[in-house]
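Working notes, structure below.
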Amino acid sequence: MSSFFIKKKVISAAPNKGDLKRKSNADDGKGRSKKFNKRMDEEISSDSENESADPRRKQQENEDDEIEETPQEKKLRLAKLYLEQLRDEEDKRAEQESFEEDLIAGRLQEDVLEQKGKLQRLIAKELIAPDPAEVRLLRGHKLSVTCLVITPDEKYIFSASKDCSIIKWEVEGGKKVQKIAGGRKGTEARHVGHTAHILCMAISSDGKYLASGDMNKLILIWDPVTCKHLYKLKGHRDAVSGLAFRRGTHTLYSASHDRSIKVWSVDENAYVETLFGHQDMITGLDCLSRERCVTAGGRDRTVRVWKIAEESQLVFHGHEGSIDCIQLINEEHMVTGGDDGSISVWTVNKKKPVSTVKQAHGSHGLTGLEQPCWVSSVAALHNSDIVASGSHNSAVQLWKCGQGFRGLEPLFSVPMTGFVNSLKFSNSGKFLVAGVGQEHRLGRWSRIKEARNGLYIIPLKRQAQEQEVVQ
């Protein structure tokens with residue numbers, strides 16, 4: 001009994017773990033409280049430093065807390081944003097369509113005015129005479145250059161010569177890209193190319209076909225890209241002296257010393273029809289978009305407008321000698337030059353020239369026996385007030401057409417030795433190309449030994465933007 005009670009007493013006297021823990025907690029309560037408070041102060045201090053270091057984040061969190069949308073409000077907000085985007089897109093589309101419509105309307109109006117021959121771009125007063133050092137000479141032909149054409153993209157020039165060859169030139173670098181060599185007389189059966197003097201060339205407005213005509217009555221069709229021979233057109237009974245493609249088509253008009261004009265369909269390699277009317281050999285031909293062409297009749301001293309669809313022709317008189325060259329300014333006006341030394345501007349509504357400049361390139365010969373310098377070539381920048389003429393007086397002359405194409409005023413001249421047998425403006429009017437030789441393209445009446453056979457590229461710089469007027 002005594003042992004039991006002793007044990008019980010011992011057990012009861014032993015301290016309880018929970019009591020010990022509570023006691024321990026009670027004993028050092030103050031110490032723990034001090035440590036806890038210190039740690040909390042450190043944590044609060046750290047948070048305060050972060051908040052002061054990044055006030056924007058705190059502000060953003062507060063705003064996020066304040067903006068709490070319901071699903072319906074969110075749907076409404078997104079719907080409004082979507083509608084605003086649709087309205088903006090619709091406005092932009094309407095502006096673009098309006099701009100395109102105005103652009104198309106402007107182009108259509110310009111095309112209508114161009115067809116009527118009433119569009120005249122006034123750029124002559126803005127032209128600056130080029131420095132002679134800026135004029136480039138491209139040499140490659142052995143004999144006189146007789147004709148040339150510029151590709152629609154203005155990257156290449158094709159020139160032909162009395163040496164029966166055709167050369168393709170690069171405009172920018174002035175390099176010879178390819179040469180179609182001429183053949184000797186009597187090799188027509190086996191030679192691919194010309195074997196007689198080439199008098200004329202033409203290129204289609206899309207750059208797909210190149211046509212060349214020679215003294216052997218032949219018209220050859222080439223691929224301008226590869227210079228590969230495609231077709232041979234036969235039918236003329238004398239030298240082919242003029243070629244022109246109708247714009248936007250592959251219809252080819254050809255003129256000849258046999259006094260006839262022929263119409264060809266190059267796509268089909270086919271002959272269409274022949275037109276007669278001139279009383280002497282035809283020396284020049286040109287056409288634009290209309291189904292008509294204009295010709296110069298040489299010694300019959302007439303200019304004729306051929307209306308193909310109506311099968312009729314208009315006859316114009318004005319020069320005192322042979323009319324050797326002709327070029328359309330637009331659908332209603334043209335410029336001609338002749339061996340009487342005069343340049344004339346015509347309109348299809350009048351039988352006589354509206355303007356004529358006599359002895360446009362001066363005269364030559366002994367005192368008392370002076371003769372006017374022949375005008376061997378003319379060119380016109382389409383739908384503008386600029387024309388150019390060439391002779392053998394050592395210069396290419398540029399002219400300004402007056403209001404309504406009445407009157408011709410000299411602008412400036414570019415020194416050039418030799419017979420200027422061909423002149424062409426680029427479509428953009430950025431440069432003028434002259435084909436020069438020691439002899440006239442149609443004969444050997446005289447020879448200028450110091451002349452160099454080749455092409456002269458004349459840059460045309462402007463001071464400001466051109467203006468357009470309706471006549």
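Please note that chains go A, B, ... in the order of the structure tokens, that every chain numbers its residues from 1, and that ligands are numbered from 1 in the order shown.
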Determine, using only C-alpha atoms, which residues of stretch 255-311 of chain A have any atom at most 12 Å from an atom of stretch 332-353 of chain A, and tabulate each with its shortest atom pair and distance in Å to one decimal place, rows ordered by chain and then rising number, as a tab-separated table.
residue	atom	partner	partner_atom	distance
A:Thr283	CA	A:Gly338	CA	10.2
A:Gly284	CA	A:Thr336	CA	9.4
A:Leu285	CA	A:Thr336	CA	10.7
A:Asp286	CA	A:Met334	CA	9.4
A:Cys287	CA	A:Met334	CA	10.2
A:Leu288	CA	A:Glu332	CA	10.3
A:Ser289	CA	A:Glu332	CA	11.4
A:Arg290	CA	A:Glu332	CA	10.4
A:Arg292	CA	A:Glu332	CA	11.2
A:Cys293	CA	A:Met334	CA	11.0
A:Val294	CA	A:Met334	CA	8.6
A:Thr295	CA	A:Thr336	CA	9.7
A:Ala296	CA	A:Thr336	CA	7.9
A:Gly297	CA	A:Gly338	CA	10.5
A:Gly298	CA	A:Gly338	CA	8.2
A:Arg299	CA	A:Gly338	CA	9.7
A:Asp300	CA	A:Gly338	CA	11.8
A:Arg301	CA	A:Gly338	CA	9.1
A:Thr302	CA	A:Lys351	CA	10.0
A:Val303	CA	A:Thr336	CA	8.6
A:Arg304	CA	A:Val348	CA	9.4
A:Val305	CA	A:Val348	CA	7.7
A:Trp306	CA	A:Val348	CA	10.9
A:Lys307	CA	A:Val348	CA	11.5
Those of stretch 109-222 of chain A in DSSP alpha helix (DSSP H), formatted as JSON, numbers by chain | {"A": [109, 110, 111, 112, 113, 114, 115, 116]}
Could you give me, as an NGL selection string, the residues within 8 Å of stretch 172-188 of chain A, counting only C-alpha atoms and dropping anything in the same chain fewer than 4 positions from it?
-> :A and (138 or 140 or 155 or 163-168 or 192-196 or 227)
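One distance worth recording is that between atom CA of A:Ser422 and atom CA of A:Gln397, which is 12.9 Å.
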From a DSSP calculation on the backbone, collect every residue of stretch 95-295 of chain A in strand (DSSP E) and output the set as number ranges by chain.
-> A: 119-122, 127-128, 136-138, 145-150, 156-161, 166-170, 176-180, 198-203, 210-214, 219-223, 228-233, 240-245, 251-256, 260-265, 270-276, 284-286, 292-295
At what distance in Å, to one decimal, does atom CA of A:Ala434 lie from atom CA of A:Lys400?
-> 18.4 Å
Looking at A:Tyr231, A:Glu311, A:Val171, A:Ala189, which one is nearest to A:Gly277, with distances taken over only C-alpha atoms?
->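 Between A:Tyr231, A:Glu311, A:Val171, A:Ala189, the residue approaching A:Gly277 most closely is A:Glu311.
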Residues within 8 Å of A:Gln438, only C-alpha atoms, excluding chain neighbours under 6 positions, as a VMD selection string = chain A and resid 143 to 144 418 to 419 447 to 453
From atom CA of A:Arg462 to atom CA of A:Thr146 the spacing works out at 29.1 Å
Given only C-alpha atoms, how would the per-residue table for stretch 240-310 of chain A near stretch 201-225 of chain A read, listing every residue at most 7 Å away with its closest atom pair and distance in Å to one decimal, sorted by chain and number, as a tab-separated table?
residue	atom	partner	partner_atom	distance
A:Val240	CA	A:Gly213	CA	5.2
A:Ser241	CA	A:Gly213	CA	6.9
A:Leu243	CA	A:Ala202	CA	5.6
A:Ala244	CA	A:Ala202	CA	5.3
A:Phe245	CA	A:Ser204	CA	5.5
A:Arg247	CA	A:Ser205	CA	5.5
A:Gly248	CA	A:Ser205	CA	5.9
A:His250	CA	A:Ser204	CA	6.5
